[in-house]
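Okay, final33.cif is below, mmCIF, C-alpha atoms:
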data_target
#
loop_
_atom_site.label_atom_id
_atom_site.label_comp_id
_atom_site.auth_asym_id
_atom_site.auth_seq_id
_atom_site.Cartn_x
_atom_site.Cartn_y
_atom_site.Cartn_z
CA MET R 1 1.39 -8.42 2.47
CA VAL R 2 1.63 -4.64 2.14
CA VAL R 3 3.31 -2.31 -0.32
CA CYS R 4 6.60 -1.11 1.20
CA VAL R 5 7.65 1.44 -1.46
CA PRO R 6 6.00 4.84 -2.03
CA TYR R 7 4.00 3.41 -4.93
CA ALA R 8 4.38 0.12 -6.77
CA PRO R 9 3.53 -0.44 -10.44
CA LEU R 10 0.97 -3.14 -11.10
CA TYR R 11 1.64 -4.88 -14.42
CA ALA R 12 -0.71 -6.70 -16.80
CA THR R 13 1.80 -9.56 -17.16
CA PRO R 14 4.89 -10.61 -15.13
CA GLU R 15 7.46 -8.58 -17.06
CA LEU R 16 8.83 -5.06 -16.70
CA MET R 17 7.92 -4.06 -20.25
CA SER R 18 4.30 -5.07 -19.69
CA GLU R 19 1.49 -2.51 -19.60
CA GLN R 20 1.21 -0.70 -16.26
CA VAL R 21 -2.42 -1.10 -15.25
CA ASP R 22 -2.32 0.53 -11.81
CA GLU R 23 -0.15 1.84 -9.00
CA ILE R 24 -0.59 0.49 -5.47
CA LEU R 25 0.27 2.93 -2.71
CA TYR R 26 2.48 2.45 0.32
CA GLY R 27 0.69 0.56 3.10
CA GLU R 28 -2.10 -0.79 0.91
CA GLU R 29 -2.63 -4.51 1.41
CA VAL R 30 -2.69 -7.18 -1.29
CA GLU R 31 -3.64 -10.85 -1.48
CA ILE R 32 -1.06 -13.12 -3.14
CA LEU R 33 -2.72 -15.20 -5.86
CA ASP R 34 0.27 -16.66 -7.68
CA THR R 35 4.01 -16.32 -8.15
CA LEU R 36 6.25 -16.44 -11.20
CA GLY R 37 9.94 -15.58 -11.18
CA GLY R 38 10.43 -12.21 -9.52
CA PHE R 39 6.72 -11.34 -9.56
CA TYR R 40 3.62 -11.96 -7.49
CA ARG R 41 0.15 -11.98 -8.98
CA VAL R 42 -1.93 -10.04 -6.49
CA LYS R 43 -5.41 -8.80 -5.74
CA THR R 44 -5.64 -5.30 -4.28
CA GLU R 45 -7.86 -4.09 -1.44
CA TYR R 46 -10.29 -2.83 -4.06
CA GLY R 47 -10.37 -6.03 -6.15
CA TYR R 48 -7.97 -5.15 -8.95
CA ILE R 49 -5.64 -7.91 -10.16
CA GLY R 50 -2.17 -7.69 -11.69
CA TRP R 51 1.51 -8.50 -11.26
CA ILE R 52 3.90 -6.76 -8.85
CA ILE R 53 7.65 -7.02 -8.31
CA LYS R 54 8.31 -9.11 -5.21
CA PRO R 55 10.67 -6.65 -3.40
CA ASN R 56 7.85 -4.06 -3.44
CA LEU R 57 5.94 -6.10 -0.85
CA PHE R 58 6.63 -6.85 2.81
CA GLU R 59 4.87 -8.76 5.56
CA LYS R 60 2.47 -6.49 7.46
CA LEU R 61 3.76 -5.57 10.91
CA HIS R 62 0.84 -3.53 12.26
CA ASP R 63 -2.42 -2.18 10.95
CA ALA R 64 -2.04 1.33 9.58
CA ASN R 65 -3.83 4.03 11.57
CA HIS R 66 -3.15 7.16 9.49
CA ILE R 67 -3.39 8.17 5.83
CA VAL R 68 -1.33 10.79 3.99
CA VAL R 69 -3.55 13.75 3.02
CA THR R 70 -1.01 16.07 1.36
CA PRO R 71 0.31 15.53 -2.20
CA PHE R 72 3.56 14.19 -0.70
CA ALA R 73 4.78 13.53 2.84
CA ASP R 74 8.43 13.01 3.79
CA LEU R 75 9.52 10.33 6.20
CA LEU R 76 12.51 11.71 8.11
CA PHE R 77 15.39 10.24 10.08
CA GLU R 78 14.58 12.54 13.00
CA GLY R 79 11.70 14.73 14.11
CA ARG R 80 13.33 17.67 12.35
CA ASN R 81 13.28 18.70 8.71
CA TYR R 82 17.00 19.40 8.32
CA PHE R 83 17.88 16.23 6.43
CA GLN R 84 17.30 14.61 3.08
CA PRO R 85 14.22 12.39 3.54
CA PRO R 86 14.89 8.69 2.91
CA ILE R 87 11.31 8.11 1.73
CA THR R 88 8.58 10.39 0.39
CA LEU R 89 5.04 9.00 0.46
CA PRO R 90 2.18 10.01 -1.88
CA ARG R 91 -1.35 11.15 -1.05
CA GLY R 92 -3.32 8.10 0.09
CA ALA R 93 -0.41 6.12 1.54
CA LYS R 94 -1.27 4.33 4.79
CA VAL R 95 1.10 4.47 7.76
CA ASP R 96 1.30 3.29 11.36
CA VAL R 97 2.06 6.47 13.33
CA GLY R 98 2.35 7.16 17.04
CA PHE R 99 2.96 10.32 19.08
CA SER R 100 4.93 10.58 22.30
CA HIS R 101 3.00 13.74 23.25
CA LYS R 102 -0.13 15.29 21.78
CA GLU R 103 1.68 18.57 21.18
CA ASP R 104 4.50 16.95 19.15
CA ARG R 105 4.93 18.31 15.64
CA TYR R 106 6.21 14.95 14.36
CA GLY R 107 4.94 11.45 14.95
CA PHE R 108 7.02 8.31 14.64
CA ALA R 109 6.12 6.06 11.73
CA VAL R 110 6.82 2.35 12.15
CA LEU R 111 7.60 0.64 8.83
CA PRO R 112 6.91 -3.04 8.08
CA SER R 113 10.69 -3.53 8.24
CA LYS R 114 10.51 -2.25 11.87
CA ARG R 115 12.52 0.84 10.97
CA ILE R 116 11.24 4.04 12.56
CA TYR R 117 11.04 7.37 10.76
CA TYR R 118 9.22 10.61 11.54
CA ILE R 119 6.37 12.34 9.76
CA HIS R 120 4.76 15.78 10.21
CA LYS R 121 1.38 15.60 11.91
CA ASN R 122 -0.17 18.00 9.37
CA HIS R 123 0.63 15.62 6.52
CA ILE R 124 -1.56 12.82 7.87
CA LYS R 125 -5.04 12.16 9.21
CA LEU R 126 -6.41 9.33 11.32
CA LEU R 127 -8.01 6.68 9.12
CA SER R 128 -10.99 6.68 11.45
CA GLU R 129 -11.50 10.40 10.72
CA ALA R 130 -10.86 10.03 7.00
CA ASN R 131 -13.45 7.24 6.77
CA LYS R 132 -16.14 8.83 8.92
CA GLU R 133 -19.59 9.03 7.39
CA LYS R 134 -20.43 12.23 5.52
CA THR R 135 -23.59 13.74 4.11
CA GLU R 136 -24.16 13.52 0.37
CA GLU R 137 -23.32 17.20 -0.04
CA GLU R 138 -20.10 16.82 1.95
CA THR R 139 -19.09 13.77 -0.08
CA ARG R 140 -19.77 15.48 -3.41
CA GLU R 141 -17.76 18.52 -2.31
CA GLY R 142 -14.99 16.20 -1.09
CA ILE R 143 -14.81 14.37 -4.42
CA VAL R 144 -14.41 17.63 -6.31
CA SER R 145 -11.91 18.97 -3.78
CA VAL R 146 -9.65 15.91 -4.07
CA ALA R 147 -9.85 15.95 -7.87
CA LYS R 148 -8.80 19.60 -7.97
CA GLU R 149 -5.70 18.76 -5.90
CA TYR R 150 -4.37 17.06 -9.05
CA LEU R 151 -4.87 20.01 -11.42
CA GLY R 152 -1.84 20.31 -13.69
CA VAL R 153 -0.46 16.88 -12.74
CA GLN R 154 0.88 15.04 -15.77
CA TYR R 155 -1.10 12.26 -17.43
CA ARG R 156 0.39 8.83 -16.70
CA TRP R 157 -1.21 5.60 -17.89
CA GLY R 158 -2.09 3.57 -14.78
CA GLY R 159 -0.98 6.41 -12.46
CA ARG R 160 -2.53 7.22 -9.09
CA THR R 161 -0.22 9.87 -7.58
CA HIS R 162 0.84 13.49 -8.03
CA HIS R 163 3.78 12.15 -10.06
CA GLY R 164 1.22 11.23 -12.70
CA VAL R 165 -2.39 10.07 -12.90
CA ASP R 166 -4.73 8.73 -15.57
CA CYS R 167 -8.44 9.45 -16.00
CA SER R 168 -9.73 6.51 -13.99
CA GLY R 169 -6.97 6.93 -11.39
CA LEU R 170 -8.13 10.49 -10.79
CA ALA R 171 -11.77 9.43 -10.44
CA PHE R 172 -10.80 6.43 -8.30
CA ASN R 173 -8.74 8.55 -5.88
CA ALA R 174 -11.37 11.26 -5.64
CA TYR R 175 -13.95 8.68 -4.63
CA ARG R 176 -11.72 6.41 -2.52
CA PHE R 177 -10.42 9.30 -0.42
CA ASN R 178 -14.07 10.13 0.30
CA GLY R 179 -15.02 6.63 1.42
CA ILE R 180 -16.38 5.18 -1.85
CA ASP R 181 -14.61 2.50 -3.87
CA ILE R 182 -15.36 2.45 -7.59
CA TRP R 183 -13.87 0.25 -10.29
CA ARG R 184 -10.31 1.26 -11.19
CA ASP R 185 -10.89 1.40 -14.96
CA ALA R 186 -13.05 3.75 -17.03
CA ASP R 187 -15.72 1.06 -17.42
CA PHE R 188 -19.20 1.93 -16.17
CA GLU R 189 -20.45 -1.66 -16.53
CA LYS R 190 -17.98 -2.89 -13.86
CA ASN R 191 -19.03 -0.27 -11.31
CA GLU R 192 -21.42 -1.96 -8.92
CA ASN R 193 -21.61 1.20 -6.80
CA LEU R 194 -22.90 3.38 -9.63
CA ARG R 195 -26.21 3.78 -11.43
CA ALA R 196 -26.82 5.52 -14.74
CA ILE R 197 -28.67 8.83 -14.89
CA PRO R 198 -29.37 11.34 -17.69
CA LEU R 199 -26.83 14.12 -18.25
CA ASP R 200 -29.36 16.78 -17.28
CA GLU R 201 -29.63 15.16 -13.82
CA ALA R 202 -25.86 15.16 -13.22
CA LYS R 203 -24.63 16.89 -10.08
CA LYS R 204 -21.25 17.94 -8.76
CA GLY R 205 -19.09 14.86 -8.16
CA ASP R 206 -20.93 12.49 -10.50
CA LEU R 207 -18.90 10.64 -13.14
CA ILE R 208 -19.30 10.98 -16.90
CA PHE R 209 -18.19 7.96 -18.91
CA PHE R 210 -17.00 8.10 -22.50
CA LYS R 211 -15.49 5.48 -24.79
CA GLY R 212 -12.26 4.61 -22.91
CA HIS R 213 -12.44 7.68 -20.68
CA VAL R 214 -14.05 9.05 -17.51
CA ALA R 215 -14.37 12.57 -16.07
CA ILE R 216 -15.73 14.10 -12.88
CA TYR R 217 -18.61 16.53 -13.27
CA LEU R 218 -18.14 19.91 -11.57
CA GLY R 219 -21.55 21.39 -12.37
CA ASP R 220 -22.44 24.15 -14.86
CA ASN R 221 -21.34 21.91 -17.75
CA GLU R 222 -17.72 21.73 -16.51
CA ILE R 223 -15.63 18.60 -16.00
CA ILE R 224 -12.26 17.83 -14.50
CA HIS R 225 -10.31 14.94 -16.00
CA ALA R 226 -6.86 13.58 -16.71
CA SER R 227 -6.60 14.22 -20.42
CA ALA R 228 -4.16 12.13 -22.47
CA SER R 229 -4.37 14.60 -25.37
CA LYS R 230 -3.56 17.60 -23.16
CA GLY R 231 -1.07 15.58 -21.11
CA ARG R 232 -2.37 16.74 -17.72
CA VAL R 233 -5.32 17.07 -15.38
CA THR R 234 -7.45 19.93 -16.58
CA ILE R 235 -10.86 21.60 -16.30
CA GLU R 236 -12.90 22.30 -19.41
CA ARG R 237 -16.44 22.83 -20.59
CA LEU R 238 -18.09 19.66 -21.77
CA ASP R 239 -20.04 21.41 -24.55
CA GLN R 240 -16.79 22.76 -26.01
CA ASN R 241 -15.23 19.31 -26.48
CA GLN R 242 -16.89 17.83 -29.54
CA TYR R 243 -15.01 14.53 -29.31
CA LEU R 244 -16.21 13.85 -25.77
CA MET R 245 -19.79 14.87 -26.54
CA GLU R 246 -19.86 12.47 -29.49
CA ASN R 247 -18.38 9.61 -27.46
CA MET R 248 -20.35 9.97 -24.22
CA ILE R 249 -21.76 6.71 -22.86
CA CYS R 250 -23.55 7.73 -19.67
CA VAL R 251 -23.45 9.57 -16.38
CA GLY R 252 -22.86 7.43 -13.31
CA THR R 253 -23.82 8.43 -9.78
CA ALA R 254 -23.14 6.76 -6.44
CA PHE R 255 -25.89 8.75 -4.69
#

Write out the structure in this file as structure tokens.
Amino acid sequence: MVVCVPYAPLYATPELMSEQVDEILYGEEVEILDTLGGFYRVKTEYGYIGWIIKPNLFEKLHDANHIVVTPFADLLFEGRNYFQPPITLPRGAKVDVGFSHKEDRYGFAVLPSKRIYYIHKNHIKLLSEANKEKTEEETREGIVSVAKEYLGVQYRWGGRTHHGVDCSGLAFNAYRFNGIDIWRDADFEKNENLRAIPLDEAKKGDLIFFKGHVAIYLGDNEIIHASASKGRVTIERLDQNQYLMENMICVGTAF
């Protein structure tokens, strides 16, 4: 099954007033573990488990071949941008797109429902290109670049899009869109891909874990993080935030 809405809330329990623990993006696949009422209990591609509303899933029609690389990408009724888009996808959504001619500005996106819409070629990238192997320096730069795309975006508990993102969602996206999956929560102990290093060995793109929080290190004692207190994604100096300095757990690196 795949997510068939721009992004689907993942709940801690099968009820709408439950805590939102994550957002699964359009085209991401899930494994059905259980069902209760109008909800499925699912496991995401990256191993996270929660409850999702049944209408937010659809049987997979084809494997996706492109990923959205702009903050948002409209799906259009025609290969022209004159009309109100029926669907707008977030950064990271996966779509099955074809082109009639290489020079076409718009490709045709085939939805799981077999409906066909159109998407601008500059809003997407081939998954094979997005997942190609990079050097360590390129990956570190890529992590920071993706994180900075979210500067100013509001803080949203469990969020993973430019509509709103939380601290671990920001770190997760920055790594996932650069070919590395880390644990979705701000919990160093659950990150099998990370190892602890001293703060003075931290490099650009490494993660700094605090009690209930995670930030991405930018170098020169700066971090970028989704701050609940400030209500947005922001950059600040680590040595000027006494609370974070007092609650630091460790630095985690994937390199």

Please tabulate, as CSV, the residues of stretch 88-181 of chain R that come within 8 Å of stretch 26-31 of chain R, each with its closest pair of atoms and the distance in Å to one decimal, counting all atoms listed in the file and ordering rows by chain, then residue number upward.
residue,atom,partner,partner_atom,distance
R:Leu89,CA,R:Tyr26,CA,7.0
R:Pro90,CA,R:Tyr26,CA,7.9
R:Ala93,CA,R:Tyr26,CA,4.8
R:Lys94,CA,R:Gly27,CA,4.6
R:Val95,CA,R:Gly27,CA,6.1

Requested write-out: C-alpha atoms of the selected residues, as a compact mmCIF listing (two decimals), in the coordinates of the input:
# COMPACT_ATOMS: atom_id res chain seq x y z
CA LEU R 89 5.04 9.00 0.46
CA PRO R 90 2.18 10.01 -1.88
CA ALA R 93 -0.41 6.12 1.54
CA LYS R 94 -1.27 4.33 4.79
CA VAL R 95 1.10 4.47 7.76

Name the residues captured by the PyMOL selection byres ((chain R and resi 237) around 7) when it is applied to the shown file; answer as a tab-separated table (two decimals) with C-alpha atoms, in the coordinates of the input.
chain	number	residue	atom	x	y	z
R	221	ASN	CA	-21.34	21.91	-17.75
R	222	GLU	CA	-17.72	21.73	-16.51
R	223	ILE	CA	-15.63	18.60	-16.00
R	236	GLU	CA	-12.90	22.30	-19.41
R	238	LEU	CA	-18.09	19.66	-21.77
R	239	ASP	CA	-20.04	21.41	-24.55
R	240	GLN	CA	-16.79	22.76	-26.01
R	241	ASN	CA	-15.23	19.31	-26.48

Next on the checklist: Which residues, named as in the file, does the PyMOL selection byres ((chain R and resi 51-57) around 10) pick out? Answer as a PyMOL selection string.
Outcome noted: chain R and resi 1-16+18+20-24+26-30+32-43+49-50+58-60+112

Next on the checklist: Just the number, please: distance in Å from atom CA of R:Glu133 to atom CA of R:Gly179, one decimal.
Outcome noted: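 Straight-line distance from atom CA of R:Glu133 to atom CA of R:Gly179 works out to 7.9 Å.
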
Next on the checklist: Within 7 Å of (8.0, 8.5, 1.9) (file coordinates; all atoms listed in the file), which protein or nucleic acid residues are there? I'd like them as a ChimeraX atom specification.
Outcome noted: /R:6,73-75,86-89

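Polymer residues near (-11.7, 4.5, -19.6): counting all atoms listed in the file with a cut-off of 8 Å, they are R:Cys167, R:Ser168, R:Asp185, R:Ala186, R:Asp187, R:Phe209, R:Phe210, R:Lys211, R:Gly212, R:His213, R:Val214.
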
R:Asp104 surroundings by only C-alpha atoms, 10 Å radius, close-in-sequence under 3 positions cut, as a compact mmCIF listing (two decimals) with C-alpha atoms, keeping the file's coordinate frame:
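What landed in selection_36.txt:
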# COMPACT_ATOMS: atom_id res chain seq x y z
CA GLY R 79 11.70 14.73 14.11
CA PHE R 99 2.96 10.32 19.08
CA SER R 100 4.93 10.58 22.30
CA HIS R 101 3.00 13.74 23.25
CA GLY R 107 4.94 11.45 14.95
CA HIS R 120 4.76 15.78 10.21
CA LYS R 121 1.38 15.60 11.91

Item to check | Contacts of R:Ala130 within 9 Å, only C-alpha atoms, excl. fewer than 5 positions in-chain, as a ChimeraX atom specification | outcome: /R:66-67,125,177-179

Checklist entry - Residues at most 8 Å from R:Asn193, counting all atoms listed in the file, excluding those fewer than 4 positions away in the same chain, as an MDAnalysis selection string? => result chainID R and resid 181:182 254

Checklist entry - Pick the closest to R:Val165 from R:Arg195, R:Glu136, R:Val144, R:Gly231: which is it, counting only C-alpha atoms? => result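 Comparing R:Arg195, R:Glu136, R:Val144, R:Gly231 against R:Val165, the winner is R:Gly231.
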
Next on the checklist: When the PyMOL selection byres ((chain R and resi 161-163) around 10) is applied to the structure above, which residues does it catch, written out as number ranges by chain?
Outcome noted: R: 6-7, 23-25, 70-72, 89-93, 149-156, 158-160, 164-166, 169-170, 173

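When all atoms listed in the file are used to measure the gap to R:Ala147, the shortest distance among R:Ser128, R:Thr234, R:Ser227, R:Ser113 belongs to R:Thr234.
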
Item to check | Gap from atom CA of R:Lys114 to atom CA of R:Arg176 - Å, one decimal | outcome: 27.9 Å

Checklist entry - Hey, which of R:Tyr46, R:Lys102, R:Phe83, R:Leu76 ends up closest to R:Ile116? Count all atoms listed in the file. => result R:Leu76

Next on the checklist: Between atom CA of R:Arg184 and atom CA of R:Tyr48, what distance in Å does the model show, to one decimal?
Outcome noted: 7.2 Å

Item to check | Residue with smallest distance to R:Val110 - pool R:Asn65, R:Thr139, R:Val146, R:Lys132, counting all atoms listed in the file | outcome: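 Closest to R:Val110 of all the choices is R:Asn65.
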
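For the set R:Glu129, R:Trp157, R:Asn81, R:Glu45, the residue with the smallest atom-to-atom gap to R:Glu19 is R:Trp157, counting only C-alpha atoms.
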